[in-house]
file my_file05.cif (mmCIF, C-alpha atoms and all ligand atoms)
data_input
#
loop_
_atom_site.label_atom_id
_atom_site.label_comp_id
_atom_site.auth_asym_id
_atom_site.auth_seq_id
_atom_site.Cartn_x
_atom_site.Cartn_y
_atom_site.Cartn_z
CA MET A 1 -3.26 -10.71 -5.68
CA ALA A 2 -6.77 -11.36 -4.39
CA ALA A 3 -9.30 -8.60 -3.81
CA PRO A 4 -10.12 -6.96 -1.55
CA PHE A 5 -6.64 -6.08 -0.41
CA ILE A 6 -5.76 -4.10 2.72
CA LEU A 7 -2.20 -2.77 2.64
CA ILE A 8 -0.77 -1.27 5.82
CA ASN A 9 2.07 1.19 5.25
CA LEU A 10 4.14 1.25 8.44
CA LYS A 11 6.00 4.40 7.28
CA THR A 12 8.73 5.34 9.78
CA TYR A 13 6.61 5.73 12.88
CA ARG A 14 8.27 4.77 16.18
CA GLU A 15 5.20 2.62 16.82
CA SER A 16 5.89 0.51 13.72
CA THR A 17 9.62 -0.20 13.49
CA GLY A 18 11.61 -3.16 14.81
CA GLN A 19 9.66 -5.18 17.39
CA HIS A 20 6.61 -2.98 16.83
CA ALA A 21 6.61 -4.00 13.15
CA HIS A 22 6.59 -7.63 14.28
CA ARG A 23 3.62 -6.98 16.54
CA ILE A 24 1.59 -5.40 13.74
CA ALA A 25 2.60 -8.14 11.27
CA SER A 26 1.56 -10.82 13.74
CA ILE A 27 -1.83 -9.16 14.30
CA ALA A 28 -2.31 -8.66 10.53
CA GLN A 29 -1.54 -12.32 9.89
CA ALA A 30 -4.04 -13.48 12.54
CA VAL A 31 -6.80 -11.18 11.28
CA SER A 32 -6.12 -12.17 7.68
CA ALA A 33 -6.29 -15.88 8.58
CA ASP A 34 -9.53 -15.45 10.56
CA SER A 35 -11.29 -13.25 8.00
CA GLY A 36 -9.89 -14.59 4.73
CA VAL A 37 -9.12 -10.99 3.68
CA LEU A 38 -5.72 -10.41 2.11
CA ILE A 39 -3.70 -8.06 4.34
CA GLY A 40 -0.23 -6.86 3.38
CA ILE A 41 2.32 -4.80 5.23
CA ALA A 42 4.91 -2.27 4.04
CA PRO A 43 7.56 -1.93 6.76
CA SER A 44 10.78 0.08 6.65
CA TYR A 45 13.57 -1.44 4.54
CA LEU A 46 15.35 -2.83 7.60
CA ASP A 47 12.28 -4.75 8.69
CA ILE A 48 11.47 -6.32 5.29
CA HIS A 49 13.72 -9.33 5.68
CA PRO A 50 12.82 -10.30 9.28
CA ILE A 51 9.10 -9.71 8.72
CA SER A 52 9.02 -11.72 5.50
CA ARG A 53 10.86 -14.60 7.20
CA HIS A 54 8.52 -14.76 10.17
CA TYR A 55 5.09 -14.17 8.60
CA GLU A 56 3.12 -15.42 5.63
CA ILE A 57 1.42 -12.13 4.76
CA PRO A 58 2.74 -10.27 1.69
CA VAL A 59 5.47 -7.77 2.51
CA PHE A 60 5.95 -4.62 0.45
CA ALA A 61 8.67 -1.98 0.30
CA GLN A 62 7.72 1.67 0.65
CA HIS A 63 9.84 2.71 -2.35
CA VAL A 64 12.00 1.18 -5.06
CA ASP A 65 14.44 2.75 -7.50
CA GLY A 66 13.98 1.81 -11.15
CA ILE A 67 17.62 0.95 -11.69
CA GLU A 68 19.62 -2.12 -12.59
CA PRO A 69 21.93 -3.58 -9.93
CA GLY A 70 25.39 -2.07 -10.26
CA ALA A 71 27.34 1.04 -9.39
CA HIS A 72 24.72 3.04 -7.49
CA THR A 73 25.01 4.25 -3.91
CA GLY A 74 22.17 4.72 -1.43
CA THR A 75 19.58 3.25 -3.77
CA ILE A 76 17.44 0.14 -3.62
CA THR A 77 16.74 -2.25 -6.48
CA ALA A 78 13.72 -4.46 -7.06
CA GLU A 79 16.06 -7.43 -7.13
CA ALA A 80 17.45 -6.62 -3.66
CA LEU A 81 13.93 -6.21 -2.30
CA LYS A 82 12.93 -9.54 -3.76
CA GLN A 83 15.93 -11.24 -2.18
CA ALA A 84 14.92 -9.70 1.15
CA GLY A 85 11.48 -11.29 0.78
CA ALA A 86 9.37 -8.42 -0.51
CA LYS A 87 6.51 -9.29 -2.81
CA GLY A 88 6.14 -5.78 -4.21
CA SER A 89 6.62 -2.11 -3.55
CA LEU A 90 4.84 1.18 -3.27
CA VAL A 91 5.98 3.65 -5.91
CA ASN A 92 5.55 7.44 -5.84
CA HIS A 93 4.03 7.63 -2.36
CA SER A 94 2.93 11.13 -1.43
CA GLU A 95 5.86 11.23 1.00
CA ARG A 96 8.30 9.95 -1.66
CA ARG A 97 7.25 11.57 -4.94
CA LEU A 98 8.98 10.68 -8.25
CA THR A 99 8.96 11.99 -11.80
CA LEU A 100 6.82 10.16 -14.37
CA VAL A 101 10.01 8.78 -15.90
CA ASP A 102 11.13 7.43 -12.52
CA ILE A 103 7.70 5.91 -11.88
CA ASP A 104 7.84 4.16 -15.25
CA ALA A 105 11.32 2.82 -14.49
CA ALA A 106 10.27 1.59 -11.03
CA VAL A 107 7.16 -0.17 -12.39
CA SER A 108 9.25 -1.79 -15.15
CA ALA A 109 11.89 -2.92 -12.63
CA LEU A 110 9.20 -4.49 -10.45
CA ARG A 111 7.60 -6.17 -13.47
CA SER A 112 10.96 -7.60 -14.58
CA ALA A 113 11.47 -8.99 -11.07
CA HIS A 114 7.91 -10.45 -11.10
CA MET A 115 6.93 -8.20 -8.22
CA VAL A 116 3.73 -6.29 -7.51
CA SER A 117 3.67 -2.55 -8.16
CA VAL A 118 1.41 -0.13 -6.28
CA VAL A 119 1.67 3.36 -7.77
CA CYS A 120 0.33 6.09 -5.49
CA THR A 121 -1.36 9.14 -6.98
CA ASN A 122 -3.04 12.31 -5.77
CA ASN A 123 -6.00 12.69 -8.13
CA GLU A 124 -7.82 11.13 -11.08
CA ALA A 125 -5.60 12.71 -13.74
CA ALA A 126 -2.43 11.37 -12.12
CA SER A 127 -4.22 8.03 -11.67
CA ALA A 128 -4.97 7.87 -15.41
CA ALA A 129 -1.32 8.67 -16.20
CA ALA A 130 -0.16 6.00 -13.75
CA ALA A 131 -2.58 3.44 -15.23
CA ALA A 132 -1.00 4.01 -18.65
CA LEU A 133 2.21 2.53 -17.20
CA SER A 134 0.31 -0.72 -16.42
CA PRO A 135 1.21 -1.20 -12.77
CA ASP A 136 -0.67 -3.85 -10.78
CA TYR A 137 -2.37 -1.21 -8.62
CA VAL A 138 -2.99 2.52 -8.60
CA ALA A 139 -3.62 3.84 -5.09
CA VAL A 140 -5.24 7.27 -4.98
CA GLU A 141 -4.68 9.29 -1.81
CA PRO A 142 -5.59 12.98 -1.46
CA PRO A 143 -2.42 14.31 0.25
CA GLU A 144 -4.31 16.76 2.46
CA LEU A 145 -6.16 13.87 4.14
CA ILE A 146 -3.12 11.66 4.75
CA GLY A 147 -2.58 11.19 8.49
CA SER A 148 -5.49 13.54 9.19
CA GLY A 149 -7.88 11.00 10.68
CA VAL A 150 -10.45 12.27 8.16
CA SER A 151 -11.32 9.47 5.77
CA VAL A 152 -11.15 9.90 2.00
CA ALA A 153 -14.18 7.62 1.85
CA LYS A 154 -16.23 10.21 3.75
CA ALA A 155 -14.54 13.48 2.82
CA ASN A 156 -13.91 12.86 -0.89
CA PRO A 157 -15.70 9.81 -2.31
CA ASP A 158 -15.78 11.63 -5.64
CA ILE A 159 -12.02 11.27 -6.11
CA ILE A 160 -12.35 7.52 -5.58
CA LYS A 161 -15.17 7.14 -8.10
CA LYS A 162 -13.43 9.34 -10.68
CA THR A 163 -10.18 7.44 -10.25
CA VAL A 164 -11.88 4.07 -10.67
CA ASP A 165 -13.54 5.33 -13.89
CA ALA A 166 -10.32 6.92 -15.20
CA VAL A 167 -8.19 3.85 -14.53
CA ARG A 168 -10.77 1.50 -16.08
CA LEU A 169 -10.84 3.64 -19.20
CA VAL A 170 -7.05 3.60 -19.60
CA ASN A 171 -6.33 0.03 -18.54
CA PRO A 172 -9.05 -2.17 -17.01
CA LYS A 173 -6.45 -4.68 -15.80
CA VAL A 174 -5.05 -2.19 -13.29
CA MET A 175 -6.59 -2.54 -9.83
CA VAL A 176 -7.43 0.47 -7.69
CA LEU A 177 -6.81 1.12 -4.02
CA THR A 178 -7.60 4.24 -2.08
CA GLY A 179 -6.20 5.68 1.10
CA ALA A 180 -5.88 8.65 3.47
CA GLY A 181 -7.53 8.71 6.85
CA ILE A 182 -8.99 5.19 6.50
CA GLN A 183 -9.82 3.92 9.99
CA THR A 184 -12.97 1.80 10.02
CA GLY A 185 -14.76 -1.06 8.34
CA GLU A 186 -17.29 1.45 7.10
CA CYS A 187 -14.53 3.31 5.17
CA VAL A 188 -13.40 0.04 3.62
CA ARG A 189 -17.00 -0.85 2.68
CA THR A 190 -17.50 2.54 1.02
CA ALA A 191 -14.21 2.22 -0.89
CA ILE A 192 -15.23 -1.20 -2.21
CA ASP A 193 -18.75 -0.03 -3.08
CA LEU A 194 -17.17 2.79 -5.10
CA GLY A 195 -15.35 0.18 -7.19
CA THR A 196 -11.94 -0.15 -5.56
CA ASP A 197 -10.09 -3.37 -4.88
CA GLY A 198 -9.13 -2.33 -1.36
CA VAL A 199 -7.39 0.28 0.74
CA LEU A 200 -3.96 1.58 1.69
CA LEU A 201 -3.65 2.93 5.22
CA ALA A 202 -1.14 3.75 7.94
CA SER A 203 -1.92 5.80 11.05
CA GLY A 204 -5.36 4.27 11.67
CA VAL A 205 -3.60 1.00 12.53
CA VAL A 206 -0.09 2.09 13.52
CA LYS A 207 -1.13 4.83 15.94
CA ALA A 208 -4.12 2.97 17.35
CA LYS A 209 -4.20 2.05 21.07
CA ASP A 210 -5.52 -1.34 19.98
CA PRO A 211 -4.34 -2.14 16.42
CA GLU A 212 -5.97 -5.56 16.53
CA ALA A 213 -9.42 -4.09 17.26
CA VAL A 214 -8.96 -1.63 14.36
CA LEU A 215 -7.89 -4.38 11.94
CA ARG A 216 -10.78 -6.60 12.96
CA ASP A 217 -13.15 -3.70 12.39
CA LEU A 218 -11.53 -2.91 9.01
CA VAL A 219 -12.36 -6.39 7.67
CA SER A 220 -15.75 -6.64 9.39
CA LYS A 221 -17.90 -5.22 6.58
CA ILE A 222 -16.23 -6.88 3.60
O1 LIG B 301 0.32 5.01 2.61
C1 LIG B 301 -0.85 5.22 3.29
C2 LIG B 301 -0.97 6.60 3.75
O2 LIG B 301 -0.39 7.58 3.01
C3 LIG B 301 -2.28 6.96 4.34
O3 LIG B 301 -1.92 7.37 5.60
O4 LIG B 301 -2.18 7.65 7.96
O5 LIG B 301 -3.86 8.61 6.41
O6 LIG B 301 -3.75 6.14 6.74
P1 LIG B 301 -2.99 7.45 6.73
#

call {"tool": "encode", "arguments": {"input": "my_file05.cif", "output": "structure tokens", "more": "lines below"}}
Ligand code: G3P
result
Amino acid sequence: MAAPFILINLKTYRESTGQHAHRIASIAQAVSADSGVLIGIAPSYLDIHPISRHYEIPVFAQHVDGIEPGAHTGTITAEALKQAGAKGSLVNHSERRLTLVDIDAAVSALRSAHMVSVVCTNNEAASAAAAALSPDYVAVEPPELIGSGVSVAKANPDIIKKTVDAVRLVNPKVMVLTGAGIQTGECVRTAIDLGTDGVLLASGVVKAKDPEAVLRDLVSKI
């Protein structure tokens, strides 16, 4: 995956499921093509297949279970996500926390399926622990700022810097994203200047009156 990377988590907002997911994917694809910045999208499970068929941008799941295909009910395997067209998955999002053992299993399952893993964390210590599992990305997001409209880049740049340092120390191959309250190109610039490889965001785009204007601003200072 190229850097910088902007990953939009569509969560389960009304404004980002079904046809709304298509609208955001179409805007993301246009902005990515115009700017040359890699933009990915993490829609709900039901939208993974249609979105990945219609658009070229990388599609991610919001969660994956670290299990082999077989006799499990209500779970989702990396293999099934891959067949649906996903390129990777978030793991351990703040709204879908897992145990360390489960995170390890999910990262391994994604690796076996040749898929990209993005492990979310809440601070530098958890980021260091996640980096030890050798995912492709660690994405640090202070939970109290998620969905707040207050950017981690402004409110807590220290957590970004400390996470970048901690991850580099444990495994320099692991890339770092940051998220929570990211809304502007200035936030993205700050995140990159602090050593990250990009950002993970949701409401800044999904809840915006004009998602295209927000996305164009997000890539404007890269
Ligand atoms: O997965 C991204 C997310 O947790 C950040 O949410 O709405 O603060 O951009 P938001």

call {"tool": "closest_residue", "arguments": {"input": "my_file05.cif", "among": "A:Thr99, A:Thr196, A:Ser220, A:Ser52", "to": "Pro4 of chain A", "atoms": "only C-alpha atoms"}}
result
A:Thr196

call {"tool": "closest_atom_pairs", "arguments": {"input": "my_file05.cif", "of": "chain A", "to": "ligand LIG 301 (chain B)", "cutoff": "10 Å", "atoms": "all atoms listed in the file", "output": "tab-separated table"}}
result
residue	atom	partner	partner_atom	distance
A:Leu7	CA	B:LIG301	C1	8.1
A:Ile8	CA	B:LIG301	C1	7.0
A:Asn9	CA	B:LIG301	O1	5.0
A:Leu10	CA	B:LIG301	O1	7.9
A:Lys11	CA	B:LIG301	O1	7.4
A:Ala42	CA	B:LIG301	O1	8.7
A:Gln62	CA	B:LIG301	O1	8.4
A:Leu90	CA	B:LIG301	O1	8.3
A:His93	CA	B:LIG301	O1	6.7
A:Ser94	CA	B:LIG301	O2	6.6
A:Glu95	CA	B:LIG301	O2	7.5
A:Cys120	CA	B:LIG301	O1	8.2
A:Ala139	CA	B:LIG301	O1	8.7
A:Val140	CA	B:LIG301	O2	9.4
A:Glu141	CA	B:LIG301	O2	6.7
A:Pro142	CA	B:LIG301	O2	8.7
A:Pro143	CA	B:LIG301	O2	7.6
A:Glu144	CA	B:LIG301	O5	9.1
A:Leu145	CA	B:LIG301	O5	6.2
A:Ile146	CA	B:LIG301	O5	3.6
A:Gly147	CA	B:LIG301	O5	3.6
A:Ser148	CA	B:LIG301	O5	5.9
A:Gly149	CA	B:LIG301	O5	6.3
A:Val150	CA	B:LIG301	O5	7.7
A:Ser151	CA	B:LIG301	O5	7.5
A:Val152	CA	B:LIG301	O5	8.6
A:Thr178	CA	B:LIG301	C1	8.7
A:Gly179	CA	B:LIG301	C3	5.2
A:Ala180	CA	B:LIG301	O5	3.6
A:Gly181	CA	B:LIG301	O5	3.7
A:Ile182	CA	B:LIG301	O6	5.3
A:Gln183	CA	B:LIG301	O6	7.2
A:Val199	CA	B:LIG301	C1	8.6
A:Leu200	CA	B:LIG301	C1	5.0
A:Leu201	CA	B:LIG301	O6	3.6
A:Ala202	CA	B:LIG301	O6	3.7
A:Ser203	CA	B:LIG301	O4	3.6
A:Gly204	CA	B:LIG301	O6	5.5
A:Val205	CA	B:LIG301	O6	7.7
A:Val206	CA	B:LIG301	O4	8.1
A:Lys207	CA	B:LIG301	O4	8.5

call {"tool": "residues_around", "arguments": {"input": "my_file05.cif", "residues": "segment 35-39 of chain A", "least_positions_apart": "4", "cutoff": "7 Å", "atoms": "only C-alpha atoms", "output": "PyMOL selection string"}}
result
chain A and resi 2+4-7+28+31+57+219

call {"tool": "closest_residue", "arguments": {"input": "my_file05.cif", "among": "A:Val118, A:Ala213, A:Val164, A:Val101", "to": "Gly66 of chain A", "atoms": "all atoms listed in the file"}}
result
A:Val101

call {"tool": "closest_residue", "arguments": {"input": "my_file05.cif", "among": "A:Asp102, A:Glu79, A:Asp158, A:Glu186", "to": "Asn123 of chain A", "atoms": "all atoms listed in the file"}}
result
A:Asp158

call {"tool": "atom_distance", "arguments": {"input": "my_file05.cif", "atom1": "atom CA of Val91 of chain A", "atom2": "atom CA of His63 of chain A"}}
result
5.3 Å

call {"tool": "residues_around", "arguments": {"input": "my_file05.cif", "residues": "segment 15-22 of chain A", "least_positions_apart": "6", "cutoff": "9 Å", "atoms": "all atoms listed in the file", "output": "ChimeraX atom specification"}}
result
/A:43-44,46-47,50-51,54-55,206-207

call {"tool": "atom_distance", "arguments": {"input": "my_file05.cif", "atom1": "atom CA of Val107 of chain A", "atom2": "atom CA of Ser134 of chain A"}}
result
8.0 Å

call {"tool": "closest_residue", "arguments": {"input": "my_file05.cif", "among": "A:Gly40, A:Ala84, A:Ala128, A:His49", "to": "Ala3 of chain A", "atoms": "all atoms listed in the file"}}
result
A:Gly40

call {"tool": "closest_residue", "arguments": {"input": "my_file05.cif", "among": "A:Ala61, A:Ala131, A:Ile27, A:Ile192", "to": "Ile76 of chain A", "atoms": "all atoms listed in the file"}}
result
A:Ala61

call {"tool": "closest_residue", "arguments": {"input": "my_file05.cif", "among": "A:Lys161, A:Arg14, A:Lys82, A:Ala109", "to": "Ile48 of chain A", "atoms": "all atoms listed in the file"}}
result
A:Lys82

call {"tool": "residues_around", "arguments": {"input": "my_file05.cif", "residues": "Ala106 of chain A", "least_positions_apart": "4", "cutoff": "10 Å", "atoms": "all atoms listed in the file", "output": "list in words"}}
result
His63, Val64, Asp65, Gly66, Ile67, Thr77, Ala78, Ser89, Leu90, Val91, Asn92, Leu98, Leu100, Val101, Asp102, Leu110, Arg111, Ser112, Ser117, Val119 and Pro135 of chain A

call {"tool": "atom_distance", "arguments": {"input": "my_file05.cif", "atom1": "atom CA of His114 of chain A", "atom2": "atom CA of Ala191 of chain A"}}
result
27.5 Å
